[in-house]
Amino acid sequence: MKISQAAGNICTVSATPTQKQESDKSSDSKIIYLPGTDCIIKPQASLSAFTSYRVGGAAEWYVAPRNLEALQASLNYAKEHNLTVTTLGAGSNLLVSDRGLPGLVIATRHLRHSHFDPETGLLTVAAGESIPSLAWEAAQLGWQGLEWAVGIPGTVGGAVVMNAGAHNSCIADILVSAEVFSPDGKLETLTPAQLGYSYRTSLLQGSDRIITQATLQLQPGADPAKVLALTKQHKQHRLSTQPYNFPSCGSVFRNPKPYTAGWLIEQTGLKGYQIGGAQVAQLHANFIVNRGGAKASDIFCLIRHIQQKVQEHWSILLEPEVKMMGEFQAACG
Ligand SMILES: Cc1cc2nc3c(=O)[nH]c(=O)nc-3n(C[C@H](O)[C@H](O)[C@H](O)COP(=O)(O)OP(=O)(O)OC[C@H]3O[C@@H](n4cnc5c(N)ncnc54)[C@H](O)[C@@H]3O)c2cc1C
């Protein structure tokens, strides 16, 4: 029997039912094997390894399906056992509570496939594919349209939900359609108009639909050297202006136009302000970085502190862009 249990990789189980039963006895007897799939549901799985902040408690149950059948089986399991479902991409825009998450956490990062169609310029890609990897791959082929996305360390699913964007472009500009599992288990294809896109938001936020794949319109036929040069330029710009050397979730707050959140926070004198292991980044004030040993509650309280101080100075309530999941204390010391 082969079981690979690297971080984020608990679905690579291959075994006969008899071998599985033996494994049940010798390892964690609570692990659940989804019938008809090569996928397991794991109890009390720490989520800190699956978020870019590197904080967060355990999922009551965790599964990372590799295909639609396993995803469907996971959803069926949740329904049969009356479990709430939470979907995770790469966890790069999440603050998960130290108390963890109830129910079943479904990570879509292992849903993988991509197809570049040179005739049409359409890129059809599974929800778990990495956005930066796709940006580099497209650039090497001389396909334009994803150069802006190279510094966004999320998955296709997360980008479609968040309407991820940078350098004056965003996913809504290139999305042709998204395939989603609806709560009743049906696969639907939705257009950008149905997703109600605006700045860093979509109707998928807070909904219980799960994205399985997306189709993006790119422009093939350009000189790969030129597309690569622009992609590298964007990556370089971000490395020099944003703190990629410590765990973070990128920008914490939406920009309250015409201001940027970073400028307001910097002008409020909060750069470098720290609660526990969580710090307002010196390089970019709209980033909170985990300087080591931060708890989700440190980050949460720093978010509340920034909101309070910026409101006092500017009468503007900053709205978090980061998605907070689970329970957080209302009061911070
Ligand atoms: C260093 C750094 C830089 C960043 N820079 C940018 C930037 O320039 N621009 C930008 O927009 N963002 C940026 N981000 C934030 C983040 O990378 C994006 O929001 C990204 O799109 C999140 O994708 P994800 O796969 O990590 O989603 P997650 O963080 O895992 O999830 C985000 C939301 O999407 C939902 N979700 C994820 N996958 C699915 C799915 N398959 N089906 C249904 N729901 C799903 C989750 O439930 C959650 O509500 C940055 C983050 C970091 C750490």
# chains A, B, ... in the order shown; residues from 1 in each chain; ligands from 1
$ closest_atom_pairs --of "region 146-215 of chain A" --to "region 89-113 of chain A" --cutoff "8 Å" --atoms "only C-alpha atoms" --output "CSV"
residue,atom,partner,partner_atom,distance
A:Pro153,CA,A:Ser92,CA,6.5
A:Gly154,CA,A:Ala90,CA,5.2
A:Thr155,CA,A:Gly89,CA,5.8
A:Gly157,CA,A:Gly89,CA,6.3
A:Gly158,CA,A:Gly89,CA,5.5
A:Thr212,CA,A:Leu111,CA,7.4
$ residues_around --residues "Gly293 (chain A)" --least-positions-apart "5" --cutoff "10 Å" --atoms "only C-alpha atoms" --output "NGL selection string"
:A and (54-55 or 276-278 or 298)
$ closest_residue --among "A:Glu137, A:Glu319, A:Glu129, A:Asp173" --to "ligand 1" --atoms "only C-alpha atoms and all ligand atoms"
A:Glu129
$ residues_around --residues "region 149-152 of chain A" --least-positions-apart "5" --cutoff "7 Å" --atoms "only C-alpha atoms" --output "list of chain:residue names"
A:Ile131, A:Pro132, A:Ala135, A:Gly165, A:Ala166, A:Thr231, A:Lys235, A:Arg238
$ residues_around --residues "Ala331 (chain A)" --least-positions-apart "3" --cutoff "10 Å" --atoms "only C-alpha atoms" --output "short mmCIF file (atom, residue, chain, number, x, y, z; two decimals) with N, CA and C atoms, in the first residue's frame"
data_model
loop_
_atom_site.label_atom_id
_atom_site.label_comp_id
_atom_site.auth_asym_id
_atom_site.auth_seq_id
_atom_site.Cartn_x
_atom_site.Cartn_y
_atom_site.Cartn_z
N CYS A 301 -6.42 40.92 15.84
CA CYS A 301 -6.41 42.12 16.70
C CYS A 301 -5.66 43.26 16.02
N ARG A 304 -8.11 44.84 13.65
CA ARG A 304 -9.05 45.70 14.38
C ARG A 304 -8.36 47.01 14.81
N PHE A 328 -13.64 34.39 15.95
CA PHE A 328 -12.63 35.30 16.50
C PHE A 328 -13.25 36.03 17.68
#
$ residues_around --residues "Tyr259 (chain A)" --least-positions-apart "5" --cutoff "12 Å" --atoms "only C-alpha atoms" --output "PDB file with C-alpha atoms, in the first residue's frame"
ATOM      1  CA  PHE A 253      -7.782  45.819   3.163  1.00  0.00           C
ATOM      2  CA  ARG A 254      -9.592  46.902   0.024  1.00  0.00           C
ATOM      3  CA  LEU A 264      -3.805  55.686   4.879  1.00  0.00           C
ATOM      4  CA  ILE A 265      -2.200  53.150   7.224  1.00  0.00           C
ATOM      5  CA  GLU A 266       1.276  54.576   6.637  1.00  0.00           C
ATOM      6  CA  GLN A 267       0.070  58.154   7.222  1.00  0.00           C
ATOM      7  CA  TRP A 314      -9.526  59.738   8.520  1.00  0.00           C
ATOM      8  CA  ILE A 316     -12.792  55.919   6.937  1.00  0.00           C
ATOM      9  CA  LEU A 318     -11.180  50.057   6.106  1.00  0.00           C
TER      10      LEU A 318
END
$ select_by_dssp --residues "region 51-244 of chain A" --states "helix (DSSP H, G or I)" --output "PyMOL selection string"
chain A and resi 68-80+131-141+147-149+156-162+171-174+192-195+224-241
$ closest_residue --among "A:Pro35, A:Pro192, A:Gly221, A:Gly128" --to "Ser114 (chain A)" --atoms "only C-alpha atoms"
A:Gly128
$ closest_residue --among "A:Trp61, A:Gln242, A:Val322, A:Asn286" --to "Pro43 (chain A)" --atoms "only C-alpha atoms"
A:Trp61
$ closest_residue --among "A:His305, A:His234, A:Lys295, A:Lys257" --to "ligand 1" --atoms "only C-alpha atoms and all ligand atoms"
A:His234
$ atom_distance --atom1 "CA of Thr86 (chain A)" --atom2 "atom 10 (C, counted along the ligand's line) of ligand 1"
20.4 Å
$ residues_around --residues "Val289 (chain A)" --least-positions-apart "5" --cutoff "12 Å" --atoms "only C-alpha atoms" --output "ChimeraX atom specification"
/A:52-55,95,242-252,271-284,294-296,298-300,302-303
$ write_last_selection --atoms "N, CA and C atoms" --output "JSON list (two decimals), in the first residue's frame"
[["chain", "number", "residue", "atom", "x", "y", "z"],
["A", 52, "SER", "N", -1.33, 30.82, 3.64],
["A", 52, "SER", "CA", -0.07, 31.54, 3.41],
["A", 52, "SER", "C", 0.37, 32.32, 4.64],
["A", 53, "TYR", "N", -0.55, 32.59, 5.59],
["A", 53, "TYR", "CA", -0.17, 33.22, 6.86],
["A", 53, "TYR", "C", 0.55, 32.25, 7.79],
["A", 54, "ARG", "N", 0.38, 30.94, 7.51],
["A", 54, "ARG", "CA", 0.92, 29.88, 8.37],
["A", 54, "ARG", "C", 0.34, 29.94, 9.78],
["A", 55, "VAL", "N", -0.95, 30.27, 9.86],
["A", 55, "VAL", "CA", -1.64, 30.25, 11.15],
["A", 55, "VAL", "C", -2.98, 29.52, 10.96],
["A", 95, "LEU", "N", -7.68, 34.18, 6.67],
["A", 95, "LEU", "CA", -7.25, 34.18, 8.06],
["A", 95, "LEU", "C", -8.15, 33.16, 8.76],
["A", 242, "GLN", "N", 6.72, 44.81, -2.22],
["A", 242, "GLN", "CA", 5.88, 44.06, -1.29],
["A", 242, "GLN", "C", 6.72, 43.02, -0.54],
["A", 243, "PRO", "N", 6.36, 42.76, 0.72],
["A", 243, "PRO", "CA", 7.18, 41.86, 1.54],
["A", 243, "PRO", "C", 6.88, 40.38, 1.26],
["A", 244, "TYR", "N", 7.59, 39.78, 0.35],
["A", 244, "TYR", "CA", 7.39, 38.36, 0.04],
["A", 244, "TYR", "C", 8.23, 37.46, 0.95],
["A", 245, "ASN", "N", 9.04, 38.09, 1.84],
["A", 245, "ASN", "CA", 9.97, 37.29, 2.66],
["A", 245, "ASN", "C", 9.36, 36.79, 3.96],
["A", 246, "PHE", "N", 8.14, 37.23, 4.29],
["A", 246, "PHE", "CA", 7.45, 36.72, 5.48],
["A", 246, "PHE", "C", 6.05, 36.26, 5.07],
["A", 247, "PRO", "N", 5.49, 35.28, 5.81],
["A", 247, "PRO", "CA", 4.12, 34.84, 5.50],
["A", 247, "PRO", "C", 3.12, 35.99, 5.61],
["A", 248, "SER", "N", 2.22, 36.06, 4.63],
["A", 248, "SER", "CA", 1.19, 37.12, 4.64],
["A", 248, "SER", "C", 0.00, 36.64, 3.82],
["A", 249, "CYS", "N", -0.98, 37.53, 3.65],
["A", 249, "CYS", "CA", -2.10, 37.21, 2.75],
["A", 249, "CYS", "C", -2.17, 38.26, 1.64],
["A", 250, "GLY", "N", -1.05, 38.96, 1.41],
["A", 250, "GLY", "CA", -1.11, 40.08, 0.46],
["A", 250, "GLY", "C", -1.82, 41.26, 1.11],
["A", 251, "SER", "N", -2.53, 42.03, 0.31],
["A", 251, "SER", "CA", -3.22, 43.21, 0.85],
["A", 251, "SER", "C", -4.31, 42.79, 1.81],
["A", 252, "VAL", "N", -4.32, 43.40, 2.99],
["A", 252, "VAL", "CA", -5.30, 43.02, 4.01],
["A", 252, "VAL", "C", -6.63, 43.73, 3.76],
["A", 271, "LYS", "N", 3.19, 51.77, 10.37],
["A", 271, "LYS", "CA", 4.20, 50.86, 9.81],
["A", 271, "LYS", "C", 5.05, 50.29, 10.94],
["A", 272, "GLY", "N", 5.24, 49.01, 10.97],
["A", 272, "GLY", "CA", 6.07, 48.38, 11.99],
["A", 272, "GLY", "C", 5.33, 48.07, 13.28],
["A", 273, "TYR", "N", 4.07, 48.54, 13.42],
["A", 273, "TYR", "CA", 3.31, 48.27, 14.65],
["A", 273, "TYR", "C", 3.07, 46.76, 14.76],
["A", 274, "GLN", "N", 3.22, 46.23, 15.97],
["A", 274, "GLN", "CA", 3.21, 44.78, 16.11],
["A", 274, "GLN", "C", 2.32, 44.33, 17.27],
["A", 275, "ILE", "N", 1.56, 43.28, 17.04],
["A", 275, "ILE", "CA", 0.84, 42.61, 18.13],
["A", 275, "ILE", "C", 1.25, 41.14, 18.07],
["A", 276, "GLY", "N", 1.84, 40.65, 19.15],
["A", 276, "GLY", "CA", 2.37, 39.28, 19.12],
["A", 276, "GLY", "C", 3.33, 39.14, 17.95],
["A", 277, "GLY", "N", 3.14, 38.09, 17.17],
["A", 277, "GLY", "CA", 4.03, 37.88, 16.02],
["A", 277, "GLY", "C", 3.54, 38.55, 14.74],
["A", 278, "ALA", "N", 2.47, 39.34, 14.83],
["A", 278, "ALA", "CA", 1.90, 39.96, 13.63],
["A", 278, "ALA", "C", 2.32, 41.42, 13.54],
["A", 279, "GLN", "N", 2.81, 41.82, 12.37],
["A", 279, "GLN", "CA", 3.36, 43.17, 12.23],
["A", 279, "GLN", "C", 2.86, 43.85, 10.95],
["A", 280, "VAL", "N", 2.59, 45.15, 11.04],
["A", 280, "VAL", "CA", 2.31, 45.94, 9.83],
["A", 280, "VAL", "C", 3.65, 46.06, 9.10],
["A", 281, "ALA", "N", 3.69, 45.56, 7.86],
["A", 281, "ALA", "CA", 4.98, 45.44, 7.15],
["A", 281, "ALA", "C", 5.62, 46.82, 6.95],
["A", 282, "GLN", "N", 6.93, 46.85, 7.08],
["A", 282, "GLN", "CA", 7.69, 48.08, 6.84],
["A", 282, "GLN", "C", 7.66, 48.45, 5.36],
["A", 283, "LEU", "N", 7.70, 47.43, 4.51],
["A", 283, "LEU", "CA", 7.80, 47.69, 3.07],
["A", 283, "LEU", "C", 6.48, 48.15, 2.47],
["A", 284, "HIS", "N", 5.36, 47.66, 3.01],
["A", 284, "HIS", "CA", 4.05, 47.98, 2.42],
["A", 284, "HIS", "C", 3.02, 47.91, 3.55],
["A", 294, "ALA", "N", 3.25, 34.03, 15.03],
["A", 294, "ALA", "CA", 1.98, 34.77, 15.17],
["A", 294, "ALA", "C", 0.82, 33.79, 15.31],
["A", 295, "LYS", "N", -0.18, 34.22, 16.05],
["A", 295, "LYS", "CA", -1.42, 33.45, 16.11],
["A", 295, "LYS", "C", -2.45, 34.19, 15.24],
["A", 296, "ALA", "N", -3.48, 33.48, 14.84],
["A", 296, "ALA", "CA", -4.53, 34.14, 14.06],
["A", 296, "ALA", "C", -5.12, 35.30, 14.87],
["A", 298, "ASP", "N", -3.55, 37.26, 16.92],
["A", 298, "ASP", "CA", -2.68, 38.44, 16.80],
["A", 298, "ASP", "C", -3.02, 39.23, 15.53],
["A", 299, "ILE", "N", -3.17, 38.49, 14.45],
["A", 299, "ILE", "CA", -3.45, 39.15, 13.16],
["A", 299, "ILE", "C", -4.83, 39.81, 13.21],
["A", 300, "PHE", "N", -5.79, 39.08, 13.78],
["A", 300, "PHE", "CA", -7.15, 39.63, 13.90],
["A", 300, "PHE", "C", -7.13, 40.93, 14.71],
["A", 302, "LEU", "N", -4.64, 42.94, 15.24],
["A", 302, "LEU", "CA", -3.93, 43.99, 14.50],
["A", 302, "LEU", "C", -4.86, 44.60, 13.43],
["A", 303, "ILE", "N", -5.64, 43.77, 12.79],
["A", 303, "ILE", "CA", -6.61, 44.27, 11.81],
["A", 303, "ILE", "C", -7.58, 45.25, 12.49]]
$ closest_residue --among "A:Gly36, A:Pro220, A:Pro183, A:Pro118" --to "ligand 1" --atoms "only C-alpha atoms and all ligand atoms"
A:Pro183
$ closest_residue --among "A:His313, A:His237, A:Lys30, A:Lys232" --to "Trp136 (chain A)" --atoms "only C-alpha atoms"
A:Lys232
$ atom_distance --atom1 "CA of Pro256 (chain A)" --atom2 "CA of Tyr199 (chain A)"
10.8 Å
$ select_by_dssp --residues "region 61-297 of chain A" --states "strand (DSSP E)" --output "VMD selection string"
chain A and resid 61 to 63 85 to 88 94 to 96 101 to 107 114 to 117 122 to 126 165 to 166 169 to 170 175 to 181 187 to 190 210 to 217 274 to 275 278 to 280 288 to 290
